[in-house]
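Next comes input-v9.txt, with compact mmCIF, C-alpha atoms.
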```txt
# COMPACT_ATOMS: atom_id res chain seq x y z
CA MET N 26 74.69 87.64 55.76
CA PHE N 27 78.02 87.78 53.99
CA ASN N 28 77.08 86.27 50.66
CA ILE N 29 80.51 86.70 49.10
CA ASP N 30 82.05 84.30 46.62
CA PHE N 31 85.75 83.87 47.27
CA ASN N 32 87.37 84.80 43.98
CA GLY N 33 90.52 86.66 43.07
CA GLU N 34 88.92 90.06 43.42
CA PHE N 35 87.84 89.31 46.96
CA ALA N 36 91.30 88.01 47.92
CA THR N 37 92.95 91.18 46.57
CA PHE N 38 90.31 93.32 48.24
CA PHE N 39 91.01 91.53 51.51
CA ILE N 40 94.77 92.16 51.29
CA PHE N 41 94.33 95.86 50.48
CA SER N 42 91.72 96.36 53.19
CA ALA N 43 94.03 94.67 55.72
CA ILE N 44 96.84 97.08 54.74
CA MET N 45 94.51 100.06 55.04
CA ILE N 46 92.97 99.10 58.38
CA ILE N 47 96.38 98.30 59.89
CA GLY N 48 97.73 101.65 58.65
CA ALA N 49 94.74 103.59 59.95
CA VAL N 50 94.81 101.90 63.37
CA LEU N 51 98.57 102.53 63.61
CA MET N 52 97.85 106.16 62.72
CA VAL N 53 95.62 106.62 65.76
CA SER N 54 97.76 104.55 68.13
CA LEU N 55 101.39 105.48 67.38
CA GLN N 56 103.18 108.03 69.56
CA LYS N 57 105.45 109.97 67.21
CA VAL N 58 103.79 112.24 64.68
CA VAL N 59 106.20 111.37 61.85
CA HIS N 60 105.36 107.67 62.25
CA MET N 61 101.66 108.56 62.02
CA VAL N 62 102.24 110.32 58.70
CA ILE N 63 104.20 107.32 57.35
CA SER N 64 101.41 104.91 58.29
CA MET N 65 98.92 107.25 56.62
CA ALA N 66 101.02 107.02 53.45
CA GLY N 67 100.49 103.24 53.68
CA VAL N 68 96.73 103.80 53.88
CA PHE N 69 96.85 106.06 50.82
CA LEU N 70 98.80 103.46 48.83
CA GLY N 71 96.36 100.71 49.84
CA LEU N 72 93.48 102.89 48.71
CA ALA N 73 95.21 103.40 45.36
CA GLY N 74 95.39 99.62 45.00
CA MET N 75 91.71 99.39 45.74
CA PHE N 76 91.01 101.97 43.01
CA VAL N 77 92.92 99.79 40.53
CA LEU N 78 90.72 96.89 41.66
CA LEU N 79 87.67 99.03 40.84
CA ASP N 80 88.92 99.69 37.26
CA ALA N 81 89.75 103.32 38.07
CA GLU N 82 93.39 103.41 37.04
CA PHE N 83 93.57 107.16 36.50
CA VAL N 84 92.12 107.92 39.93
CA ALA N 85 94.58 105.42 41.40
CA PHE N 86 97.57 107.21 39.89
CA VAL N 87 96.20 110.59 40.95
CA GLN N 88 95.82 109.13 44.44
CA VAL N 89 99.46 108.04 44.52
CA LEU N 90 100.68 111.39 43.16
CA ILE N 91 98.52 113.71 45.24
CA TYR N 92 98.03 111.83 48.50
CA ALA N 93 100.96 109.44 48.91
CA GLY N 94 103.25 112.05 47.37
CA ALA N 95 102.15 115.63 47.89
CA VAL N 96 99.89 115.54 50.94
CA SER N 97 102.21 113.26 52.96
CA ILE N 98 105.22 115.45 52.21
CA LEU N 99 103.18 118.58 53.01
CA MET N 100 102.19 117.11 56.36
CA ILE N 101 105.80 116.15 57.13
CA PHE N 102 106.82 119.72 56.30
CA GLY N 103 104.02 120.97 58.56
CA ILE N 104 105.37 118.86 61.42
CA MET N 105 108.92 119.98 60.71
CA MET N 106 107.87 123.64 60.74
CA THR N 107 105.87 123.34 63.95
CA ASN N 108 106.84 120.89 66.68
CA HIS N 109 109.94 119.08 65.56
CA GLN N 110 111.36 119.09 69.06
CA ALA N 111 108.25 118.80 71.20
CA ALA N 112 108.49 115.15 72.18
CA LYS N 113 106.34 115.21 75.27
CA ALA N 114 103.36 112.91 75.25
CA ASP N 115 99.82 114.23 75.27
CA PRO N 116 98.10 114.25 78.64
CA VAL N 117 95.72 111.33 78.73
CA LYS N 118 92.06 112.23 79.01
CA PRO N 119 90.18 108.94 79.47
CA LEU N 120 86.65 110.39 79.45
CA HIS N 121 87.22 112.38 76.28
CA GLU N 122 88.78 109.40 74.47
CA THR N 123 86.04 107.01 75.59
CA LEU N 124 83.32 109.38 74.42
CA ALA N 125 85.03 109.82 71.05
CA ALA N 126 85.39 106.04 70.66
CA VAL N 127 81.72 105.53 71.55
CA ALA N 128 80.69 108.18 69.02
CA ALA N 129 82.80 106.63 66.26
CA LEU N 130 81.54 103.11 67.06
CA CYS N 131 77.91 104.30 67.10
CA LEU N 132 78.39 105.93 63.70
CA PHE N 133 79.98 102.75 62.37
CA GLY N 134 77.13 100.64 63.78
CA MET N 135 74.53 102.80 62.04
CA LEU N 136 76.42 102.78 58.73
CA PHE N 137 76.99 99.01 58.93
CA TYR N 138 73.31 98.37 59.69
CA ALA N 139 72.26 100.59 56.80
CA ILE N 140 74.67 98.89 54.39
CA ARG N 141 73.62 95.37 55.43
CA THR N 142 69.87 96.02 55.31
CA THR N 143 69.84 97.91 52.01
CA ASP N 144 68.85 95.80 49.05
CA PHE N 145 71.27 96.86 46.34
CA PRO N 146 69.84 96.12 42.88
CA ASP N 147 71.89 93.65 40.88
CA ALA N 148 73.09 95.96 38.15
CA GLN N 149 75.79 94.65 35.86
CA PRO N 150 79.15 95.98 37.04
CA MET N 151 80.58 98.44 34.59
CA LYS N 152 82.92 96.90 32.05
CA ALA N 153 86.38 98.41 32.19
CA VAL N 154 86.58 100.98 29.41
CA GLU N 155 89.28 100.64 26.79
CA ASP N 156 91.32 103.66 27.88
CA ASN N 157 90.34 104.93 31.30
CA THR N 158 92.45 108.10 31.14
CA SER N 159 91.23 109.31 27.76
CA SER N 160 87.58 108.58 28.64
CA ILE N 161 87.90 110.63 31.83
CA GLY N 162 89.64 113.38 29.86
CA GLU N 163 86.82 113.47 27.32
CA LEU N 164 84.24 113.58 30.08
CA LEU N 165 86.09 116.40 31.88
CA TYR N 166 86.30 118.55 28.75
CA THR N 167 82.73 117.96 27.54
CA GLY N 168 80.19 117.38 30.29
CA TYR N 169 82.12 118.77 33.24
CA VAL N 170 84.03 121.64 31.69
CA VAL N 171 82.44 124.35 33.87
CA PRO N 172 83.14 122.61 37.23
CA PHE N 173 86.62 121.78 35.94
CA GLU N 174 87.43 125.41 35.21
CA LEU N 175 85.87 126.57 38.49
CA LEU N 176 88.04 124.03 40.28
CA SER N 177 91.17 125.34 38.62
CA VAL N 178 90.26 128.85 39.83
CA LEU N 179 89.62 127.48 43.34
CA LEU N 180 92.98 125.70 43.39
CA THR N 181 94.86 128.81 42.25
CA VAL N 182 93.13 131.01 44.81
CA ALA N 183 93.74 128.47 47.59
CA PHE N 184 97.44 128.13 46.83
CA ILE N 185 98.01 131.88 46.53
CA GLY N 186 96.12 132.32 49.79
CA ALA N 187 98.18 129.61 51.47
CA ILE N 188 101.43 131.28 50.40
CA ALA N 189 100.15 134.67 51.59
CA ILE N 190 99.08 133.31 55.00
CA ALA N 191 102.29 131.38 55.59
CA LYS N 192 104.49 134.28 54.46
CA LYS N 193 102.83 137.05 56.47
CA GLY N 194 104.59 136.47 59.78
CA ALA N 195 107.93 135.57 58.24
CA ASP N 196 109.30 139.09 57.81
CA MET L 16 81.04 93.14 46.19
CA LEU L 17 79.49 96.62 46.69
CA PRO L 18 78.62 96.15 50.42
CA SER L 19 82.24 95.11 51.15
CA TYR L 20 83.58 98.33 49.66
CA LEU L 21 80.99 100.41 51.49
CA THR L 22 81.83 98.70 54.79
CA MET L 23 85.53 99.32 54.19
CA ALA L 24 84.82 103.00 53.56
CA ALA L 25 82.71 103.16 56.73
CA ILE L 26 85.57 101.66 58.77
CA LEU L 27 88.03 104.21 57.36
CA PHE L 28 85.61 107.08 57.98
CA CYS L 29 85.05 106.06 61.60
CA ILE L 30 88.79 105.67 62.32
CA GLY L 31 89.31 109.11 60.79
CA LEU L 32 86.52 110.55 62.93
CA TYR L 33 88.04 109.03 66.06
CA GLY L 34 91.46 110.43 65.17
CA ALA L 35 90.03 113.89 64.47
CA LEU L 36 88.23 113.91 67.83
CA VAL L 37 91.03 112.48 70.00
CA LYS L 38 94.32 113.74 68.60
CA ARG L 39 95.64 116.97 70.07
CA ASN L 40 98.24 117.75 67.40
CA ALA L 41 96.61 119.92 64.74
CA VAL L 42 98.63 118.36 61.88
CA ILE L 43 97.35 114.90 62.81
CA VAL L 44 93.79 116.21 62.97
CA LEU L 45 94.21 117.51 59.40
CA LEU L 46 95.53 114.08 58.41
CA SER L 47 92.51 112.37 59.99
CA ILE L 48 90.23 114.64 57.97
CA GLU L 49 92.12 113.57 54.83
CA LEU L 50 91.39 109.96 55.85
CA MET L 51 87.67 110.73 56.05
CA LEU L 52 87.74 112.39 52.61
CA ASN L 53 89.52 109.31 51.25
CA ALA L 54 86.74 107.08 52.58
CA VAL L 55 84.25 109.20 50.65
CA ASN L 56 86.35 108.81 47.50
CA LEU L 57 86.26 105.03 47.92
CA ASN L 58 82.45 105.19 48.08
CA LEU L 59 82.27 107.31 44.92
CA VAL L 60 84.52 105.00 42.90
CA ALA L 61 82.78 101.86 44.21
CA PHE L 62 79.40 103.22 43.12
CA SER L 63 80.86 104.18 39.75
CA LYS L 64 81.54 100.49 39.11
CA TYR L 65 78.80 98.65 41.02
CA GLY L 66 76.06 101.27 41.33
CA VAL L 67 72.60 101.15 39.77
CA VAL L 68 73.76 103.27 36.84
CA PRO L 69 77.46 102.46 36.45
CA SER L 70 79.38 105.20 34.68
CA LEU L 71 82.60 107.19 34.83
CA THR L 72 80.86 110.08 36.61
CA GLY L 73 81.80 108.71 40.02
CA GLN L 74 85.48 108.73 39.10
CA VAL L 75 85.24 112.33 37.87
CA PHE L 76 83.60 113.26 41.18
CA ALA L 77 86.40 111.50 43.05
CA LEU L 78 88.94 113.58 41.10
CA PHE L 79 87.10 116.79 42.05
CA THR L 80 87.09 115.70 45.70
CA ILE L 81 90.83 114.97 45.60
CA THR L 82 91.46 118.46 44.20
CA VAL L 83 89.42 120.19 46.88
CA ALA L 84 91.09 118.05 49.56
CA ALA L 85 94.53 119.07 48.27
CA ALA L 86 93.55 122.75 48.45
CA GLU L 87 92.20 122.18 51.96
CA ALA L 88 95.42 120.51 53.11
CA ALA L 89 97.56 123.33 51.71
CA VAL L 90 95.49 126.07 53.35
CA GLY L 91 95.30 124.08 56.59
CA VAL L 92 99.07 123.66 56.86
CA ALA L 93 99.57 127.35 56.02
CA VAL L 94 97.14 128.35 58.79
CA LEU L 95 98.94 126.03 61.21
CA ILE L 96 102.32 127.57 60.37
CA ALA L 97 100.93 131.07 60.90
CA LEU L 98 99.34 129.93 64.16
CA PHE L 99 102.61 128.38 65.30
CA ARG L 100 104.42 131.65 64.63
CA ALA L 101 101.84 133.57 66.63
CA ARG L 102 101.42 131.18 69.56
CA GLY L 103 104.42 128.85 69.56
CA THR L 104 102.37 125.66 69.70
CA VAL L 105 100.03 123.52 67.60
CA ASN L 106 98.38 121.78 70.55
CA LEU L 107 94.63 122.20 70.04
CA ASP L 108 93.94 122.37 73.79
CA GLU L 109 95.67 125.74 73.95
CA PHE L 110 93.47 127.40 71.33
CA ASP L 111 90.46 127.84 73.58
CA GLU L 112 90.05 131.56 74.11
CA MET L 113 86.70 131.60 72.26
CA ARG L 114 85.37 129.12 74.82
CA ARG L 115 85.91 131.45 77.76
```

Please, can you express the file's structure as structure tokens?
Amino acid sequence: MFNIDFNGEFATFFIFSAIMIIGAVLMVSLQKVVHMVISMAGVFLGLAGMFVLLDAEFVAFVQVLIYAGAVSILMIFGIMMTNHQAAKADPVKPLHETLAAVAALCLFGMLFYAIRTTDFPDAQPMKAVEDNTSSIGELLYTGYVVPFELLSVLLTVAFIGAIAIAKKGAD
Amino acid sequence: MLPSYLTMAAILFCIGLYGALVKRNAVIVLLSIELMLNAVNLNLVAFSKYGVVPSLTGQVFALFTITVAAAEAAVGVAVLIALFRARGTVNLDEFDEMRR
């Protein structure tokens, strides 16, 4: 079933996946919200390592900058702005949590079954390109220039909208 | 190696789904959604190396997803701050007037 040869890539993959699963499980089980955000930063860093393993260095650095840097800090600011002093624990709702766990496990079972029964064709893995960043840059400015520009418009609109929403009640 | 990466992404996605369904703090729900988006990114990059037609397109798609997720996080936190000003809480159980 698990026809995996134990080489260096698998060992590194195993370490990174252990970091990510531990971080994600801590995220759902810890009590304080700030600790949850810190463990999520661990997950983001582990995912960046996994991107390096997949020869996607540029995406890995973007992951560290955007997720481990910006999104984590944004979430910490969100917590600071909202419930920095509310320390009371959530009321436990056993039925709700059990149903959610069953739903998540069912989804995982289906995905796992689909992954294990699919016969992936043995294509040659892509050779790492000479310069990952410049190849992605070329691709972005030739084949994907229209989505790239649309995305820049989307990002500008979203950030201006975010500032407008957050500022409205301040005065 | 491809099934291992896909399984890893499925584990992350399911933990994120559980967190988004169970957690009552809206900031943590946003964070769980980020976790699910990250699992999708892992799938995209894994297929860009080990897929049937390996190419850089998967990495470009992952970059687009990261951008949209960043915009989503910014707008989400802004909405939460506005909601906190209006209602004084970010507990999701208290935002239920459309259910009644």

Taking 5 positions as the minimum chain separation for residues in the same chain, which residues sit within 6 Å of stretch 34-36 of chain L when counting all atoms listed in the file? Answer as a list in words.
Val53 of chain N; Val44 and Ser47 of chain L

Store the residues picked out above, limited to C-alpha atoms, as a PDB file, in the coordinates of the input.
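out02.pdb written:
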```pdb
ATOM      1  CA  VAL N  53      95.620 106.620  65.760  1.00  0.00           C
TER       2      VAL N  53
ATOM      3  CA  VAL L  44      93.790 116.210  62.970  1.00  0.00           C
ATOM      4  CA  SER L  47      92.510 112.370  59.990  1.00  0.00           C
TER       5      SER L  47
END
```

I need the contact residues of chain N against chain L, so if you could list those with any atom within 6 Å, counting only C-alpha atoms, and return them as a ChimeraX atom specification, that would help.
/N:53,103,122,125,129,148,150-151,180,183,187,191

Interatomic distance (Å, one decimal) between atom CA of N:Ile91 and atom CA of N:Gly168:
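Those two atoms sit 23.9 Å apart.
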
What is the atom CA of N:Met100-atom CA of N:Gly74 distance in Å, reported with one decimal?
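Distance reported for this atom pair: 21.9 Å.
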
Which of these, N:Phe39, N:Tyr166, N:Phe69, N:Phe86, has the shortest distance to N:Met52 once you count all atoms listed in the file?
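Among the listed residues, the smallest separation from N:Met52 belongs to N:Phe69.
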
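Taking atom CA of N:Ser54 and atom CA of N:Leu79 as the two end points, the separation is 29.6 Å.
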
Rank nothing, just name the residue among N:Val87, N:His60, N:Ala66, N:Val50 nearest to N:Thr158, using only C-alpha atoms.
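Once distances to N:Thr158 are computed over only C-alpha atoms, the minimum belongs to N:Val87.
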
Between N:Leu72, N:Ala126, N:Ile101, N:Leu132, single out the one closest to N:Ile40, counting all atoms listed in the file.
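Residue with the minimum atom-to-atom distance to N:Ile40: N:Leu72.
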